[in-house]
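Novice: final.txt is reproduced below (compact mmCIF, C-alpha atoms).
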# COMPACT_ATOMS: atom_id res chain seq x y z
CA MET A 1 52.41 103.93 -14.41
CA ALA A 2 48.68 103.19 -14.07
CA ASP A 3 49.43 100.81 -11.19
CA ARG A 4 51.83 103.20 -9.43
CA MET A 5 50.73 104.64 -6.11
CA PHE A 6 52.22 108.00 -5.21
CA GLU A 7 53.41 108.82 -1.69
CA ASP A 8 51.79 112.25 -1.90
CA ARG A 9 51.15 115.07 -4.36
CA ARG A 10 54.79 116.17 -4.36
CA ASP A 11 55.88 112.64 -5.27
CA ALA A 12 53.29 112.60 -8.05
CA GLY A 13 54.65 115.88 -9.39
CA ARG A 14 58.22 114.60 -9.45
CA VAL A 15 57.18 111.42 -11.26
CA LEU A 16 55.05 113.29 -13.78
CA ALA A 17 57.85 115.79 -14.37
CA GLY A 18 59.99 112.88 -15.54
CA LEU A 19 57.39 112.17 -18.21
CA LEU A 20 57.50 115.80 -19.32
CA GLU A 21 61.28 116.00 -19.59
CA HIS A 22 61.08 117.12 -23.24
CA TYR A 23 59.66 120.45 -21.97
CA ARG A 24 62.64 121.14 -19.67
CA ASP A 25 64.24 124.59 -19.98
CA ARG A 26 62.00 125.65 -22.85
CA PRO A 27 61.30 129.39 -22.55
CA ASP A 28 57.77 129.03 -23.94
CA VAL A 29 56.54 126.61 -21.24
CA VAL A 30 54.42 127.66 -18.27
CA VAL A 31 52.83 125.33 -15.70
CA LEU A 32 49.34 126.03 -14.34
CA GLY A 33 48.11 124.26 -11.21
CA LEU A 34 44.43 123.95 -10.37
CA PRO A 35 43.98 124.84 -6.69
CA ARG A 36 44.15 123.39 -4.28
CA GLY A 37 45.38 119.87 -4.87
CA GLY A 38 46.91 120.48 -8.27
CA VAL A 39 49.22 123.25 -7.05
CA PRO A 40 51.70 121.06 -5.11
CA VAL A 41 51.83 118.66 -8.07
CA ALA A 42 52.33 121.56 -10.48
CA TYR A 43 55.02 123.09 -8.26
CA GLU A 44 57.20 120.00 -8.53
CA ILE A 45 56.69 119.89 -12.29
CA ALA A 46 57.54 123.59 -12.69
CA VAL A 47 60.71 123.25 -10.61
CA ALA A 48 61.86 120.17 -12.53
CA LEU A 49 61.15 121.79 -15.90
CA GLY A 50 62.61 125.18 -14.97
CA ALA A 51 59.27 126.75 -15.91
CA PRO A 52 57.20 129.49 -14.28
CA LEU A 53 54.22 128.40 -12.17
CA ASP A 54 50.82 130.05 -11.93
CA VAL A 55 47.37 128.99 -10.79
CA PHE A 56 44.36 128.33 -12.97
CA VAL A 57 41.30 128.91 -10.86
CA VAL A 58 38.15 127.21 -12.11
CA ARG A 59 34.80 127.21 -10.34
CA LYS A 60 32.09 124.65 -10.87
CA LEU A 61 28.59 125.98 -11.50
CA GLY A 62 26.64 123.67 -9.25
CA LEU A 63 23.02 122.87 -9.95
CA PRO A 64 20.92 124.60 -7.26
CA GLY A 65 19.81 122.04 -4.72
CA HIS A 66 22.34 119.55 -6.09
CA GLU A 67 25.50 121.64 -5.99
CA GLU A 68 27.84 118.70 -6.58
CA LEU A 69 26.27 118.21 -10.02
CA ALA A 70 27.99 120.55 -12.45
CA MET A 71 25.82 122.43 -14.86
CA GLY A 72 28.95 124.17 -16.06
CA ALA A 73 32.15 125.87 -15.00
CA ILE A 74 33.81 129.26 -15.15
CA ALA A 75 37.44 130.35 -15.32
CA GLY A 76 39.40 133.58 -15.50
CA GLY A 77 39.14 135.77 -18.55
CA GLY A 78 35.37 135.43 -18.71
CA VAL A 79 35.36 131.77 -19.72
CA VAL A 80 31.98 130.09 -19.18
CA VAL A 81 31.32 126.50 -20.22
CA LEU A 82 27.81 125.09 -19.80
CA ASN A 83 26.50 121.57 -19.86
CA GLU A 84 23.41 122.43 -21.88
CA ASP A 85 21.87 118.99 -21.26
CA VAL A 86 21.98 119.46 -17.47
CA VAL A 87 20.68 123.03 -17.71
CA ARG A 88 17.81 122.00 -19.99
CA ARG A 89 16.84 118.81 -18.15
CA ALA A 90 16.88 120.54 -14.75
CA GLY A 91 14.86 123.47 -16.10
CA VAL A 92 17.38 126.06 -14.91
CA SER A 93 16.09 129.52 -15.68
CA PRO A 94 18.35 132.17 -17.23
CA GLU A 95 18.01 134.21 -14.03
CA THR A 96 19.14 131.29 -11.84
CA LEU A 97 22.05 130.64 -14.17
CA ARG A 98 23.07 134.33 -13.98
CA GLU A 99 22.86 134.28 -10.16
CA VAL A 100 24.93 131.12 -9.77
CA THR A 101 27.49 132.39 -12.28
CA ALA A 102 27.75 135.78 -10.55
CA ASP A 103 28.24 134.14 -7.13
CA GLU A 104 30.94 131.82 -8.45
CA ARG A 105 32.63 134.65 -10.39
CA ARG A 106 32.97 136.67 -7.17
CA GLU A 107 34.57 133.67 -5.46
CA LEU A 108 36.81 133.02 -8.46
CA VAL A 109 38.12 136.61 -8.39
CA ARG A 110 38.67 136.43 -4.63
CA ARG A 111 40.65 133.21 -4.94
CA GLU A 112 42.73 134.45 -7.87
CA ARG A 113 43.75 137.49 -5.84
CA ALA A 114 44.55 135.38 -2.79
CA TYR A 115 46.57 132.75 -4.67
CA ARG A 116 48.50 135.32 -6.67
CA GLU A 117 48.84 137.70 -3.73
CA GLY A 118 47.65 140.51 -5.98
CA GLY A 119 50.08 139.68 -8.81
CA ALA A 120 49.11 139.48 -12.46
CA PRO A 121 48.34 136.17 -14.14
CA ALA A 122 50.97 134.61 -16.36
CA ASP A 123 50.87 135.67 -20.00
CA LEU A 124 49.82 132.55 -21.90
CA MET A 125 49.74 133.96 -25.42
CA GLY A 126 51.90 131.80 -27.68
CA ARG A 127 53.03 129.64 -24.74
CA THR A 128 52.98 125.89 -24.22
CA VAL A 129 50.81 125.40 -21.15
CA VAL A 130 50.96 122.35 -18.90
CA VAL A 131 47.70 122.21 -16.91
CA VAL A 132 47.96 120.15 -13.71
CA ASP A 133 45.36 118.83 -11.30
CA ASP A 134 45.57 116.12 -8.69
CA GLY A 135 42.82 113.97 -10.16
CA LEU A 136 39.45 114.14 -11.83
CA ALA A 137 36.13 113.22 -10.30
CA THR A 138 33.70 114.15 -13.05
CA GLY A 139 36.09 116.18 -15.20
CA ALA A 140 33.55 119.02 -15.36
CA THR A 141 35.89 121.74 -14.17
CA MET A 142 38.85 120.47 -16.17
Once you've parsed the file, please lay out its structure as structure tokens.
Specialist:
Amino acid sequence: MADRMFEDRRDAGRVLAGLLEHYRDRPDVVVLGLPRGGVPVAYEIAVALGAPLDVFVVRKLGLPGHEELAMGAIAGGGVVVLNEDVVRRAGVSPETLREVTADERRELVRRERAYREGGAPADLMGRTVVVVDDGLATGATM
């Protein structure tokens, strides 16, 4: 499959769903799509597996002045993951880290509300979770 080119994200989801067939119709499975690009892929997988679909919003903590360089990431539920090497080498102060994290947390909450249209997140406790994105650049947010 490494040489296969997909027509679009929906096609990719249908192909990937075929590889996940052993999860079909299992009541413990939930599919999480990372917005934006991962959601259409995840949708096709969720439909094919007969599983519920939710979003998993993750926000990169960009290094000030070099925002494309991830010094970490945040996700719902208070998850914060830092790349301590980047933070240390760039000399990021605790105050700057708090400010960047607070800004990204506000945006994360806003996006979660928008994507879920005010609904509650899926309950993941004791579930088999299939996390879907449409590709990885650095892998920092994944």
Novice: Neighbouring residues of Leu49 in chain A were defined as those with any atom within 10 Å, considering all atoms listed in the file; residues of the same chain fewer than 4 positions away were excluded. Please report them as a PyMOL selection string.
Specialist: chain A and resi 17-18+20-26+29-31+43-45
Novice: Export, as a short mmCIF file (atom, residue, chain, number, x, y, z; two decimals), in the coordinates of the input, the selected residues with C-alpha atoms.
Specialist:
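Wrote part_17.cif, looks like this:
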data_model
loop_
_atom_site.label_atom_id
_atom_site.label_comp_id
_atom_site.auth_asym_id
_atom_site.auth_seq_id
_atom_site.Cartn_x
_atom_site.Cartn_y
_atom_site.Cartn_z
CA ALA A 17 57.85 115.79 -14.37
CA GLY A 18 59.99 112.88 -15.54
CA LEU A 20 57.50 115.80 -19.32
CA GLU A 21 61.28 116.00 -19.59
CA HIS A 22 61.08 117.12 -23.24
CA TYR A 23 59.66 120.45 -21.97
CA ARG A 24 62.64 121.14 -19.67
CA ASP A 25 64.24 124.59 -19.98
CA ARG A 26 62.00 125.65 -22.85
CA VAL A 29 56.54 126.61 -21.24
CA VAL A 30 54.42 127.66 -18.27
CA VAL A 31 52.83 125.33 -15.70
CA TYR A 43 55.02 123.09 -8.26
CA GLU A 44 57.20 120.00 -8.53
CA ILE A 45 56.69 119.89 -12.29
#
Novice: Using all atoms listed in the file, pick whichever of A:Met71, A:Asp11, A:Arg59, A:Gly119 has the shortest atom-to-atom distance to Arg89 in chain A.
Specialist: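 The closest residue to Arg89 in chain A is A:Met71.
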Novice: Using all atoms listed in the file, which of the listed residues (A:Val100, A:Val39, A:Val81, A:Val86) sits closest to Val57 in chain A?
Specialist: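 Of A:Val100, A:Val39, A:Val81, A:Val86, the one nearest Val57 in chain A, counting all atoms listed in the file, is A:Val39.
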Novice: What box, with edges along x, y and z, holds each listed atom of range 108-119 of chain A when 4 Å is added on every side, and can you state its centre and edge lengths in Å to one decimal, as JSON?
Specialist:
{"center_x": 43.4, "center_y": 136.6, "center_z": -5.8, "size_x": 21.3, "size_y": 15.8, "size_z": 14.0}
Novice: From the list A:Leu69, A:Leu124, A:Val55, A:Leu19, which residue is nearest Gly33 in chain A when using all atoms listed in the file?
Specialist: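 Closest to Gly33 in chain A, using all atoms listed in the file: A:Val55.
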Novice: Can you list, as a ChimeraX atom specification, every protein, DNA or RNA residue that comes within 8 Å of Gly76 in chain A when you count all atoms listed in the file, leaving out same-chain residues fewer than 3 positions away?
Specialist: /A:56-58,79,108-109
Novice: Pick from A:Lys60, A:Asp85, A:Ala90, A:Tyr115: nearest to Ala102 in chain A, with all atoms listed in the file counted?
Specialist: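 Using all atoms listed in the file, Ala102 in chain A sits closest to A:Lys60.
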Novice: Restricting the calculation to only C-alpha atoms, which member of A:Arg9, A:Asp103, A:Glu67, A:Leu53 is positioned closest to Pro40 in chain A?
Specialist: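 Among A:Arg9, A:Asp103, A:Glu67, A:Leu53, it is A:Arg9 that comes nearest to Pro40 in chain A.
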Novice: Would you work out the distance separating CA of Ala73 in chain A from CA of Pro35 in chain A, expressed in Å to one decimal?
Specialist: 14.5 Å
Novice: What's the separation between CA of Ala114 in chain A and CA of Glu99 in chain A, in Å to one decimal place?
Specialist: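 Calculated distance between CA of Ala114 in chain A and CA of Glu99 in chain A is 22.9 Å.
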Novice: Restricting the calculation to all atoms listed in the file, which member of A:Val130, A:Ala48, A:Leu34, A:Leu61 is positioned closest to Gly13 in chain A?
Specialist: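 Under the stated criterion, the closest residue is A:Ala48.
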